[in-house]
>>> print(open('entry18.cif').read())   # mmCIF, C-alpha atoms
data_structure
loop_
_atom_site.label_atom_id
_atom_site.label_comp_id
_atom_site.auth_asym_id
_atom_site.auth_seq_id
_atom_site.Cartn_x
_atom_site.Cartn_y
_atom_site.Cartn_z
CA MET A 1 107.15 109.14 38.44
CA ALA A 2 104.35 106.82 39.54
CA SER A 3 101.23 108.58 40.82
CA ARG A 4 100.65 108.77 44.56
CA VAL A 5 97.95 109.89 47.00
CA HIS A 6 99.04 112.19 49.83
CA ALA A 7 97.20 112.69 53.11
CA THR A 8 97.97 114.96 56.05
CA TYR A 9 96.86 114.15 59.61
CA TYR A 10 97.05 115.52 63.12
CA LEU A 11 98.25 112.69 65.38
CA ASP A 12 98.20 112.45 69.17
CA THR A 13 100.36 109.65 70.56
CA ALA A 14 102.31 108.76 73.69
CA VAL A 15 104.75 106.46 71.89
CA ALA A 16 107.83 107.47 69.92
CA PRO A 17 106.51 109.32 66.87
CA GLU A 18 108.60 107.31 64.40
CA ARG A 19 107.26 104.10 65.86
CA ALA A 20 103.66 105.34 65.63
CA ALA A 21 104.15 106.46 62.03
CA ASP A 22 105.66 103.08 61.09
CA ILE A 23 102.71 101.21 62.59
CA ILE A 24 100.12 103.42 60.90
CA ALA A 25 101.82 103.31 57.50
CA GLY A 26 102.22 99.55 57.72
CA GLU A 27 98.61 98.94 58.76
CA GLN A 28 97.33 100.98 55.83
CA SER A 29 99.58 99.42 53.20
CA SER A 30 101.74 96.30 53.10
CA GLY A 31 102.72 95.89 56.76
CA THR A 32 101.94 92.98 59.10
CA PHE A 33 102.51 92.71 62.84
CA VAL A 34 105.06 89.92 62.28
CA PRO A 35 107.17 89.27 59.16
CA ILE A 36 105.66 86.67 56.83
CA PRO A 37 106.80 84.92 53.66
CA GLY A 38 106.27 87.12 50.63
CA GLU A 39 106.74 90.36 52.54
CA ASP A 40 110.12 91.07 50.97
CA GLU A 41 111.92 94.34 50.39
CA ALA A 42 110.83 94.51 46.76
CA LEU A 43 107.16 94.34 47.76
CA LYS A 44 107.66 96.98 50.44
CA ALA A 45 109.39 99.29 47.99
CA ARG A 46 106.51 98.90 45.57
CA ALA A 47 103.50 99.06 47.91
CA ALA A 48 104.45 100.42 51.33
CA ALA A 49 103.14 103.78 52.46
CA SER A 50 105.79 106.39 53.13
CA TRP A 51 105.58 108.89 55.97
CA GLU A 52 106.91 112.15 57.39
CA ILE A 53 106.21 113.26 60.95
CA THR A 54 106.76 116.68 62.52
CA PRO A 55 106.17 117.80 66.13
CA LEU A 56 103.50 120.46 66.63
CA ASP A 57 103.54 123.05 69.36
CA GLU A 58 99.93 122.33 70.32
CA PRO A 59 98.43 120.99 73.56
CA SER A 60 97.24 117.39 73.78
CA ALA A 61 95.86 115.24 76.57
CA GLY A 62 97.96 113.59 79.32
CA PRO A 63 101.27 112.05 78.20
CA ASN A 64 100.37 112.40 74.52
CA LYS A 65 102.16 114.74 72.17
CA ARG A 66 100.79 116.13 68.92
CA TYR A 67 102.35 115.74 65.49
CA GLN A 68 101.66 116.44 61.85
CA LEU A 69 101.79 113.13 60.02
CA LYS A 70 102.00 112.97 56.24
CA LEU A 71 101.31 109.64 54.58
CA SER A 72 101.70 108.77 50.92
CA TRP A 73 100.57 105.70 48.99
CA PRO A 74 101.24 104.51 45.45
CA LEU A 75 98.07 104.70 43.39
CA GLU A 76 98.68 101.10 42.33
CA ASN A 77 97.62 99.95 45.80
CA PHE A 78 93.93 100.77 45.26
CA GLY A 79 93.49 102.47 41.89
CA ALA A 80 91.37 105.53 41.15
CA SER A 81 88.49 104.33 43.36
CA LEU A 82 86.92 106.65 45.91
CA PRO A 83 85.42 103.87 48.09
CA ASN A 84 88.78 102.10 48.28
CA LEU A 85 90.60 105.38 48.79
CA MET A 86 88.38 106.02 51.85
CA ALA A 87 89.28 102.57 53.22
CA THR A 88 92.95 103.48 52.91
CA VAL A 89 93.10 107.06 54.19
CA ALA A 90 90.39 106.64 56.87
CA GLY A 91 90.28 102.93 57.63
CA ASN A 92 91.79 100.93 60.48
CA LEU A 93 94.39 103.53 61.42
CA TYR A 94 92.10 105.35 63.89
CA GLU A 95 91.80 102.44 66.30
CA LEU A 96 95.45 101.39 66.43
CA LYS A 97 96.79 101.24 69.99
CA PRO A 98 99.49 103.90 69.53
CA VAL A 99 96.85 106.34 68.22
CA ALA A 100 95.38 108.45 71.01
CA GLY A 101 93.84 110.86 68.51
CA LEU A 102 93.91 111.23 64.74
CA ARG A 103 92.28 113.63 62.28
CA LEU A 104 92.60 113.65 58.50
CA MET A 105 93.25 117.29 57.62
CA ASP A 106 93.75 117.26 53.85
CA ILE A 107 94.21 114.98 50.89
CA GLU A 108 95.87 115.42 47.49
CA LEU A 109 94.72 113.25 44.59
CA PRO A 110 96.51 112.57 41.30
CA ASP A 111 94.94 113.29 37.91
CA GLU A 112 93.82 109.67 37.52
CA PHE A 113 90.96 110.44 39.93
CA ALA A 114 89.88 113.39 37.81
CA ALA A 115 89.71 111.08 34.81
CA ALA A 116 87.78 108.38 36.70
CA TYR A 117 85.04 110.54 38.26
CA PRO A 118 82.66 113.05 36.68
CA GLY A 119 82.71 115.91 39.17
CA PRO A 120 79.76 118.32 39.31
CA ALA A 121 77.54 118.32 36.23
CA PHE A 122 76.17 121.79 37.07
CA GLY A 123 78.25 123.37 39.83
CA ILE A 124 78.04 127.11 40.42
CA SER A 125 77.22 128.33 36.92
CA GLY A 126 74.64 125.61 36.28
CA THR A 127 72.96 126.27 39.61
CA ARG A 128 72.71 129.97 38.86
CA GLN A 129 71.36 129.37 35.37
CA LEU A 130 68.63 126.98 36.52
CA ALA A 131 67.63 129.24 39.41
CA GLY A 132 67.66 132.40 37.31
CA VAL A 133 70.06 134.15 39.70
CA SER A 134 72.98 135.52 37.72
CA ALA A 135 74.63 137.46 40.54
CA GLY A 136 74.55 137.86 44.30
CA PRO A 137 73.83 135.22 46.91
CA MET A 138 70.93 132.83 46.42
CA VAL A 139 68.49 133.45 49.27
CA GLY A 140 66.58 130.44 50.43
CA THR A 141 64.90 128.51 53.20
CA ILE A 142 64.08 125.06 54.53
CA ILE A 143 60.49 123.91 54.85
CA LYS A 144 59.49 124.26 58.50
CA PRO A 145 58.29 122.47 60.57
CA SER A 146 60.85 119.83 59.57
CA VAL A 147 58.25 117.07 59.58
CA GLY A 148 54.53 116.90 60.27
CA LEU A 149 53.25 118.98 57.38
CA SER A 150 51.12 117.27 54.75
CA ALA A 151 51.95 117.50 51.06
CA GLN A 152 49.19 120.07 50.66
CA SER A 153 50.44 122.19 53.57
CA THR A 154 53.96 122.04 52.14
CA ALA A 155 52.72 123.26 48.77
CA GLU A 156 50.83 126.10 50.44
CA LEU A 157 54.04 127.26 52.14
CA VAL A 158 55.90 127.00 48.84
CA ASP A 159 53.20 129.14 47.23
CA GLN A 160 53.81 131.91 49.77
CA LEU A 161 57.58 131.66 49.38
CA CYS A 162 57.41 131.83 45.59
CA ALA A 163 55.10 134.83 45.79
CA ALA A 164 57.65 136.48 48.11
CA GLY A 165 60.37 136.12 45.47
CA ILE A 166 62.60 133.55 47.14
CA ASP A 167 65.34 131.84 45.08
CA PHE A 168 65.69 128.47 46.75
CA ILE A 169 63.67 126.08 48.93
CA LYS A 170 64.61 122.65 50.22
CA ASP A 171 63.06 119.75 52.04
CA ASP A 172 64.40 119.22 55.51
CA GLU A 173 66.70 116.22 55.62
CA LEU A 174 64.20 114.50 57.93
CA GLN A 175 61.45 114.73 55.33
CA ALA A 176 61.72 112.03 52.68
CA ASP A 177 58.82 109.65 51.98
CA GLY A 178 56.87 109.24 55.19
CA PRO A 179 53.19 108.28 55.24
CA ALA A 180 52.23 111.74 56.48
CA CYS A 181 53.84 113.42 53.47
CA PRO A 182 54.46 110.91 50.66
CA PHE A 183 57.22 111.91 48.26
CA ASP A 184 55.24 111.55 45.05
CA GLU A 185 52.31 113.59 46.29
CA ARG A 186 54.60 116.27 47.71
CA ALA A 187 56.60 116.51 44.49
CA ARG A 188 53.48 116.86 42.33
CA LYS A 189 51.81 119.47 44.52
CA VAL A 190 54.99 121.50 45.05
CA MET A 191 55.93 121.52 41.37
CA GLU A 192 52.41 122.52 40.39
CA VAL A 193 52.86 125.64 42.53
CA ILE A 194 56.41 126.35 41.35
CA ASN A 195 55.48 125.95 37.68
CA HIS A 196 52.52 128.26 38.14
CA HIS A 197 54.75 131.02 39.53
CA ALA A 198 57.38 130.38 36.85
CA ASP A 199 54.75 130.90 34.17
CA ARG A 200 53.80 134.15 35.87
CA THR A 201 57.28 135.57 36.54
CA GLY A 202 59.62 133.78 34.14
CA LYS A 203 61.76 132.58 37.06
CA LYS A 204 61.54 129.04 38.41
CA VAL A 205 62.29 128.69 42.11
CA MET A 206 64.83 125.94 42.77
CA TYR A 207 63.44 123.26 45.12
CA ALA A 208 65.72 120.58 46.60
CA PHE A 209 63.57 117.44 46.85
CA ASN A 210 64.98 114.98 49.37
CA LEU A 211 65.32 111.75 47.39
CA THR A 212 67.29 109.88 50.07
CA GLY A 213 66.37 106.20 50.28
CA GLU A 214 67.15 102.94 48.53
CA LEU A 215 68.93 103.37 45.19
CA ASP A 216 66.04 102.25 42.99
CA ASP A 217 63.69 104.58 44.87
CA MET A 218 66.08 107.51 44.51
CA LYS A 219 66.33 106.97 40.75
CA ARG A 220 62.56 106.74 40.40
CA ARG A 221 62.04 109.88 42.49
CA HIS A 222 64.63 111.71 40.39
CA ASP A 223 62.75 110.77 37.22
CA LEU A 224 59.48 112.01 38.70
CA VAL A 225 61.00 115.37 39.67
CA LEU A 226 62.53 115.68 36.20
CA SER A 227 59.22 114.91 34.50
CA LEU A 228 57.44 117.53 36.63
CA GLY A 229 59.91 120.24 35.63
CA GLY A 230 61.93 120.26 38.86
CA THR A 231 65.49 121.55 38.79
CA LEU A 232 67.19 119.98 41.82
CA THR A 233 67.56 116.80 43.86
CA MET A 234 68.92 116.32 47.37
CA LEU A 235 70.78 113.42 48.95
CA SER A 236 71.97 112.84 52.53
CA LEU A 237 75.58 111.84 51.86
CA ASN A 238 76.19 109.82 55.00
CA SER A 239 72.96 107.89 54.51
CA VAL A 240 73.48 106.86 50.89
CA GLY A 241 77.25 106.32 51.09
CA MET A 242 79.85 106.83 48.40
CA THR A 243 78.87 103.85 46.24
CA GLY A 244 75.17 104.74 46.40
CA PHE A 245 75.99 108.34 45.51
CA ASN A 246 78.16 107.29 42.58
CA ALA A 247 75.44 105.03 41.19
CA PHE A 248 72.87 107.81 41.51
CA ARG A 249 75.20 110.36 39.89
CA LYS A 250 75.48 108.16 36.79
CA HIS A 251 71.69 108.22 36.50
CA ALA A 252 71.07 111.86 37.38
CA GLN A 253 70.14 114.55 34.89
CA LEU A 254 69.51 117.17 37.59
CA PRO A 255 71.90 118.88 40.03
CA ILE A 256 72.60 117.22 43.37
CA HIS A 257 72.27 119.17 46.60
CA ALA A 258 74.56 117.33 49.02
CA HIS A 259 73.47 117.43 52.67
CA ARG A 260 76.09 116.56 55.26
CA ASN A 261 73.76 115.57 58.14
CA GLY A 262 75.67 113.19 60.38
CA TRP A 263 78.83 115.21 59.91
CA GLY A 264 79.18 115.46 63.69
CA TYR A 265 80.07 111.78 64.08
CA LEU A 266 82.77 112.12 61.40
CA GLN A 267 84.15 115.46 62.49
CA GLY A 268 86.53 114.03 65.07
CA GLY A 269 88.33 111.98 62.41
CA TRP A 270 88.02 114.18 59.32
CA SER A 271 88.41 117.84 58.53
CA TYR A 272 85.77 119.13 56.14
CA ILE A 273 88.61 120.31 53.87
CA ALA A 274 89.53 116.70 53.12
CA TRP A 275 86.02 115.20 53.22
CA GLN A 276 84.36 117.59 50.79
CA LYS A 277 86.94 116.94 48.08
CA LEU A 278 85.74 113.36 47.65
CA TRP A 279 82.08 114.32 47.24
CA ARG A 280 82.84 117.17 44.85
CA LEU A 281 84.82 114.80 42.68
CA ALA A 282 82.00 112.24 42.85
CA GLY A 283 79.60 114.85 41.48
CA ALA A 284 77.93 117.00 44.16
CA ASP A 285 76.85 120.42 42.86
CA GLN A 286 76.01 122.13 46.17
CA MET A 287 77.44 121.27 49.61
CA HIS A 288 76.47 122.31 53.12
CA VAL A 289 79.16 124.10 55.13
CA ASN A 290 77.19 125.09 58.28
CA GLY A 291 76.92 128.84 58.98
CA LEU A 292 78.38 131.63 61.09
CA ALA A 293 77.22 131.86 64.72
CA ASN A 294 75.53 128.51 64.14
CA LYS A 295 73.61 126.32 66.58
CA PHE A 296 76.39 123.72 66.59
CA HIS A 297 79.88 123.88 68.09
CA GLU A 298 81.80 124.57 64.87
CA SER A 299 83.76 127.83 64.83
CA ASP A 300 83.18 130.61 62.33
CA GLU A 301 86.75 130.17 61.10
CA SER A 302 86.08 126.52 60.29
CA VAL A 303 82.85 127.37 58.44
CA ILE A 304 84.56 129.96 56.24
CA ALA A 305 87.48 127.62 55.54
CA SER A 306 84.97 124.99 54.42
CA ALA A 307 83.21 127.42 52.10
CA ARG A 308 86.51 128.58 50.60
CA ALA A 309 87.46 124.98 49.98
CA CYS A 310 84.25 124.39 48.00
CA LEU A 311 85.18 127.35 45.80
CA THR A 312 88.81 126.27 45.31
CA PRO A 313 89.60 124.24 42.16
CA MET A 314 90.83 120.68 42.68
CA PHE A 315 92.52 120.04 39.32
CA ALA A 316 93.86 122.47 36.73
CA HIS A 317 91.68 121.02 33.95
CA LYS A 318 88.74 120.00 36.18
CA PRO A 319 87.97 122.58 38.87
CA CYS A 320 85.10 120.67 40.57
CA THR A 321 84.01 123.85 42.32
CA VAL A 322 80.60 123.71 44.01
CA MET A 323 78.15 126.15 45.56
CA PRO A 324 78.62 126.28 49.36
CA VAL A 325 75.36 126.23 51.32
CA PHE A 326 75.18 128.23 54.55
CA SER A 327 72.53 127.10 57.03
CA SER A 328 71.98 126.34 60.73
CA GLY A 329 70.47 129.11 62.80
CA GLN A 330 71.01 131.74 60.11
CA THR A 331 69.21 135.11 60.21
CA ILE A 332 69.75 138.58 58.77
CA ARG A 333 72.53 139.04 61.37
CA GLN A 334 74.98 136.63 59.73
CA ALA A 335 74.96 138.29 56.30
CA PRO A 336 77.61 140.96 57.05
CA GLY A 337 80.05 138.54 58.66
CA THR A 338 79.61 135.96 55.91
CA TRP A 339 80.26 138.51 53.17
CA THR A 340 83.21 140.10 54.98
CA ALA A 341 84.93 136.77 55.61
CA LEU A 342 84.22 135.04 52.29
CA GLN A 343 84.21 137.98 49.86
CA SER A 344 82.13 135.95 47.44
CA THR A 345 78.43 135.72 46.67
CA ASP A 346 78.72 132.31 45.06
CA LEU A 347 76.71 130.78 47.87
CA ILE A 348 73.25 129.71 48.98
CA PHE A 349 72.11 131.35 52.23
CA LEU A 350 69.35 129.39 53.97
CA ALA A 351 67.31 130.68 56.86
CA GLY A 352 64.58 128.47 58.33
CA GLY A 353 63.30 129.97 61.54
CA GLY A 354 65.22 133.11 60.62
CA LEU A 355 62.72 133.61 57.80
CA PHE A 356 59.48 132.01 58.97
CA ALA A 357 59.62 133.67 62.41
CA HIS A 358 59.72 137.21 61.00
CA PRO A 359 56.93 139.17 62.70
CA GLY A 360 55.73 140.45 59.33
CA GLY A 361 55.33 136.96 57.87
CA ILE A 362 57.00 135.06 55.05
CA ALA A 363 57.20 137.86 52.48
CA ALA A 364 58.73 140.19 55.05
CA GLY A 365 61.20 137.48 56.06
CA VAL A 366 62.41 137.07 52.47
CA ALA A 367 62.65 140.83 51.99
CA ALA A 368 64.66 141.26 55.20
CA LEU A 369 67.18 138.63 54.14
CA ARG A 370 67.69 140.34 50.79
CA GLN A 371 68.02 143.72 52.47
CA SER A 372 70.63 142.37 54.89
CA TRP A 373 72.77 141.05 52.04
CA GLU A 374 72.42 144.23 49.99
CA ALA A 375 73.56 146.25 52.98
CA ALA A 376 76.44 143.89 53.70
CA MET A 377 77.76 144.02 50.13
CA GLN A 378 77.54 147.82 50.14
CA GLY A 379 79.38 148.05 53.46
CA VAL A 380 76.37 149.60 55.18
CA PRO A 381 75.72 148.57 58.83
CA LEU A 382 72.44 146.72 59.24
CA GLU A 383 71.23 149.25 61.79
CA THR A 384 71.76 152.04 59.26
CA ALA A 385 70.01 150.18 56.44
CA ALA A 386 67.14 149.34 58.80
CA LYS A 387 66.23 153.03 59.07
CA THR A 388 64.86 152.90 55.52
CA HIS A 389 63.81 149.23 55.37
CA ARG A 390 60.96 148.24 57.64
CA GLU A 391 61.38 144.48 57.12
CA LEU A 392 65.04 144.62 58.09
CA ARG A 393 64.26 146.78 61.11
CA GLU A 394 61.65 144.32 62.37
CA ALA A 395 64.03 141.41 61.80
CA LEU A 396 66.77 143.12 63.81
CA GLU A 397 64.33 143.55 66.69
CA LYS A 398 63.16 139.93 66.43
CA PHE A 399 66.62 138.37 66.12
CA SER A 400 68.39 140.51 68.68
CA GLY A 401 70.44 137.74 70.26
#
>>> encode(input="entry18.cif", output="structure tokens")
Amino acid sequence: MASRVHATYYLDTAVAPERAADIIAGEQSSGTFVPIPGEDEALKARAAASWEITPLDEPSAGPNKRYQLKLSWPLENFGASLPNLMATVAGNLYELKPVAGLRLMDIELPDEFAAAYPGPAFGISGTRQLAGVSAGPMVGTIIKPSVGLSAQSTAELVDQLCAAGIDFIKDDELQADGPACPFDERARKVMEVINHHADRTGKKVMYAFNLTGELDDMKRRHDLVLSLGGTLTMLSLNSVGMTGFNAFRKHAQLPIHAHRNGWGYLQGGWSYIAWQKLWRLAGADQMHVNGLANKFHESDESVIASARACLTPMFAHKPCTVMPVFSSGQTIRQAPGTWTALQSTDLIFLAGGGLFAHPGGIAAGVAALRQSWEAAMQGVPLETAAKTHRELREALEKFSG
């Protein structure tokens, strides 16, 4: 049987569901709004998208009704190409007149995609090996303030974090190569500090340098980080795009921390379950999934489903599993819920203000985060653990909301 791509959507429409499905399938394959020469039955049988549509017992706006729509395309239409796949499964169908609302919920790819794309070069095991964290969650932070610090000030913060025993640090996605904190200077000063602590402790803190920019610049920055002994790069996926990411992945010798900033403007048309599959296959090693009780409007259930998806193999012979990254308003208080819901420590737990704002300072903030996760994994309430851990007790008082 010829290989096919399958996609599942939620569709809101006021027109007859079969009519809506026909229009969508035609627009995204061989259909035209009027018959034309060459559009014969043989061509339709070979290239047309097929569909199934099922009513859903869910509320929708006004006269619209909600359906589950499943579309399927022959791989021959576009080949094993992620950019062209995106044009097919998430192209012109959203703005068709019969479509009052549409969201891509999941996607199933044939093995040809696994053969065409590299997947993660490091993934979970490679991340752990480079960070020197063989078990448990990786505890980390984001440099704060997001922007405004000089390269020297950034390195001084990194020095304190390394001394406190943190596992992971990353640039904020807003910090790339601005005049106030040039990338090259920041990379050199930060890696000087990290290498110094690695020589002292035998463990090298993983730092996600934000390389985002033009392709040639990203490659050059990668090579600088590699030459300095760095162990991680970071890209903003929606800024560099799929083709830019693919070109960088072919060049990269370091893991790629994939930041999803801008996800909000895609969220109405994509579920993260579908979206993250494409970037994992392209070669991301770590992917942001938001966090519980976050500062955005995403539900906890959605966050956990996203993290589980990152840990779920895509192909039998090519798992493409990646390390989910929890961030966004995280403090010691989210550790128990995250552990209880996910039941996995294959994750990176990032607290920005939730670390730096600890009343005891940076070292106390790192210690409190570790204590919260140790308590969570042992099934001990944070309030109980806090009786014998001062840093955790102070954090509970600080982050009481």
>>> closest_residue(input="entry18.cif", among="A:Leu224, A:Lys189, A:Met234, A:Ile166", to="Leu211 (chain A)", atoms="all atoms listed in the file")
A:Met234
>>> residues_around(input="entry18.cif", residues="Val240 (chain A)", least_positions_apart="4", cutoff="10 Å", atoms="all atoms listed in the file", output="mmCIF file with C-alpha atoms, in the frame of the given file")
data_model
loop_
_atom_site.group_PDB
_atom_site.id
_atom_site.type_symbol
_atom_site.label_atom_id
_atom_site.label_comp_id
_atom_site.auth_asym_id
_atom_site.auth_seq_id
_atom_site.Cartn_x
_atom_site.Cartn_y
_atom_site.Cartn_z
ATOM 1 C CA THR A 212 67.290 109.880 50.070
ATOM 2 C CA GLY A 213 66.370 106.200 50.280
ATOM 3 C CA GLU A 214 67.150 102.940 48.530
ATOM 4 C CA LEU A 215 68.930 103.370 45.190
ATOM 5 C CA MET A 218 66.080 107.510 44.510
ATOM 6 C CA LEU A 235 70.780 113.420 48.950
ATOM 7 C CA SER A 236 71.970 112.840 52.530
ATOM 8 C CA GLY A 244 75.170 104.740 46.400
ATOM 9 C CA PHE A 245 75.990 108.340 45.510
ATOM 10 C CA ASN A 246 78.160 107.290 42.580
ATOM 11 C CA PHE A 248 72.870 107.810 41.510
#
>>> resolve_selection(input="entry18.cif", expression="the PyMOL selection byres ((chain A and resi 352-369) around 6)", output="list in words")
Thr141, Ile142, Ala164, Gln330, Thr331, Ile332, Ala351, Arg370, Gln371, Ser372, Glu391 and Leu392 of chain A
>>> atom_distance(input="entry18.cif", atom1="CA of Leu350 (chain A)", atom2="CA of Gln253 (chain A)")
24.2 Å
>>> resolve_selection(input="entry18.cif", expression="the PyMOL selection byres ((chain A and resi 315) around 10)", output="list in words")
Glu108, Leu109, Pro110, Asp111, Phe113, Ala114, Leu281, Thr312, Pro313, Met314, Ala316, His317, Lys318, Pro319, Cys320 and Thr321 of chain A
>>> resolve_selection(input="entry18.cif", expression="the PyMOL selection byres ((chain A and resi 385) around 12)", output="list of chain:residue names")
A:Ile332, A:Pro336, A:Ala368, A:Arg370, A:Gln371, A:Ser372, A:Trp373, A:Glu374, A:Ala375, A:Ala376, A:Met377, A:Gln378, A:Gly379, A:Val380, A:Pro381, A:Leu382, A:Glu383, A:Thr384, A:Ala386, A:Lys387, A:Thr388, A:His389, A:Arg390, A:Glu391, A:Leu392, A:Arg393, A:Glu394, A:Ala395, A:Leu396
>>> atom_distance(input="entry18.cif", atom1="CA of Glu397 (chain A)", atom2="CA of Thr340 (chain A)")
22.5 Å
>>> closest_residue(input="entry18.cif", among="A:Leu102, A:Leu226, A:Ala2, A:Ala258", to="Asn238 (chain A)", atoms="only C-alpha atoms")
A:Ala258
>>> closest_residue(input="entry18.cif", among="A:Ala135, A:Ala282, A:Ala187, A:Val193", to="Leu161 (chain A)", atoms="all atoms listed in the file")
A:Val193
>>> closest_residue(input="entry18.cif", among="A:Gln28, A:Arg128, A:Gln286, A:Ile256", to="Phe78 (chain A)", atoms="all atoms listed in the file")
A:Gln28
>>> closest_residue(input="entry18.cif", among="A:Thr345, A:Ser81, A:Lys398, A:Glu18", to="Arg333 (chain A)", atoms="only C-alpha atoms")
A:Lys398
>>> closest_atom_pairs(input="entry18.cif", of="region 21-140 of chain A", to="region 263-268 of chain A", cutoff="10 Å", atoms="all atoms listed in the file", output="tab-separated table")
residue	atom	partner	partner_atom	distance
A:Gly101	CA	A:Gly268	CA	8.7
A:Leu102	CA	A:Gly268	CA	7.9
A:Arg103	CA	A:Gly268	CA	6.4
A:Leu104	CA	A:Gly268	CA	9.0
>>> atom_distance(input="entry18.cif", atom1="CA of Ala116 (chain A)", atom2="CA of Ala80 (chain A)")
6.4 Å
>>> residues_near_point(input="entry18.cif", point="(82.1, 123.1, 56.7)", cutoff="8 Å", atoms="all atoms listed in the file", output="list in words")
Tyr272, Ile273, His288, Val289, Asn290, Ser302, Val303, Ile304, Ala305, Ser306 and Ala307 of chain A
>>> write_last_selection(input="entry18.cif", atoms="C-alpha atoms", output="short mmCIF file (atom, residue, chain, number, x, y, z; two decimals), in the frame of the given file")
data_model
loop_
_atom_site.label_atom_id
_atom_site.label_comp_id
_atom_site.auth_asym_id
_atom_site.auth_seq_id
_atom_site.Cartn_x
_atom_site.Cartn_y
_atom_site.Cartn_z
CA TYR A 272 85.77 119.13 56.14
CA ILE A 273 88.61 120.31 53.87
CA HIS A 288 76.47 122.31 53.12
CA VAL A 289 79.16 124.10 55.13
CA ASN A 290 77.19 125.09 58.28
CA SER A 302 86.08 126.52 60.29
CA VAL A 303 82.85 127.37 58.44
CA ILE A 304 84.56 129.96 56.24
CA ALA A 305 87.48 127.62 55.54
CA SER A 306 84.97 124.99 54.42
CA ALA A 307 83.21 127.42 52.10
#
>>> residues_around(input="entry18.cif", residues="Asn64 (chain A)", least_positions_apart="4", cutoff="12 Å", atoms="all atoms listed in the file", output="ChimeraX atom specification")
/A:11-17,20,55-56,58-60,98-102
>>> closest_residue(input="entry18.cif", among="A:Ala252, A:Ala341, A:Ile194, A:Ala309", to="Arg220 (chain A)", atoms="only C-alpha atoms")
A:Ala252
>>> residues_around(input="entry18.cif", residues="Ala121 (chain A)", least_positions_apart="4", cutoff="9 Å", atoms="all atoms listed in the file", output="list of chain:residue names")
A:Gly126, A:Gln253, A:Leu254, A:Pro255, A:Ile256, A:Gly283, A:Ala284, A:Asp285
>>> closest_atom_pairs(input="entry18.cif", of="region 133-153 of chain A", to="region 206-210 of chain A", cutoff="12 Å", atoms="all atoms listed in the file", output="CSV")
residue,atom,partner,partner_atom,distance
A:Val133,CA,A:Met206,CA,10.2
A:Met138,CA,A:Met206,CA,9.9
A:Val139,CA,A:Met206,CA,10.6
A:Gly140,CA,A:Met206,CA,9.1
A:Thr141,CA,A:Tyr207,CA,9.7
A:Ile142,CA,A:Ala208,CA,9.3
A:Ile143,CA,A:Tyr207,CA,10.2
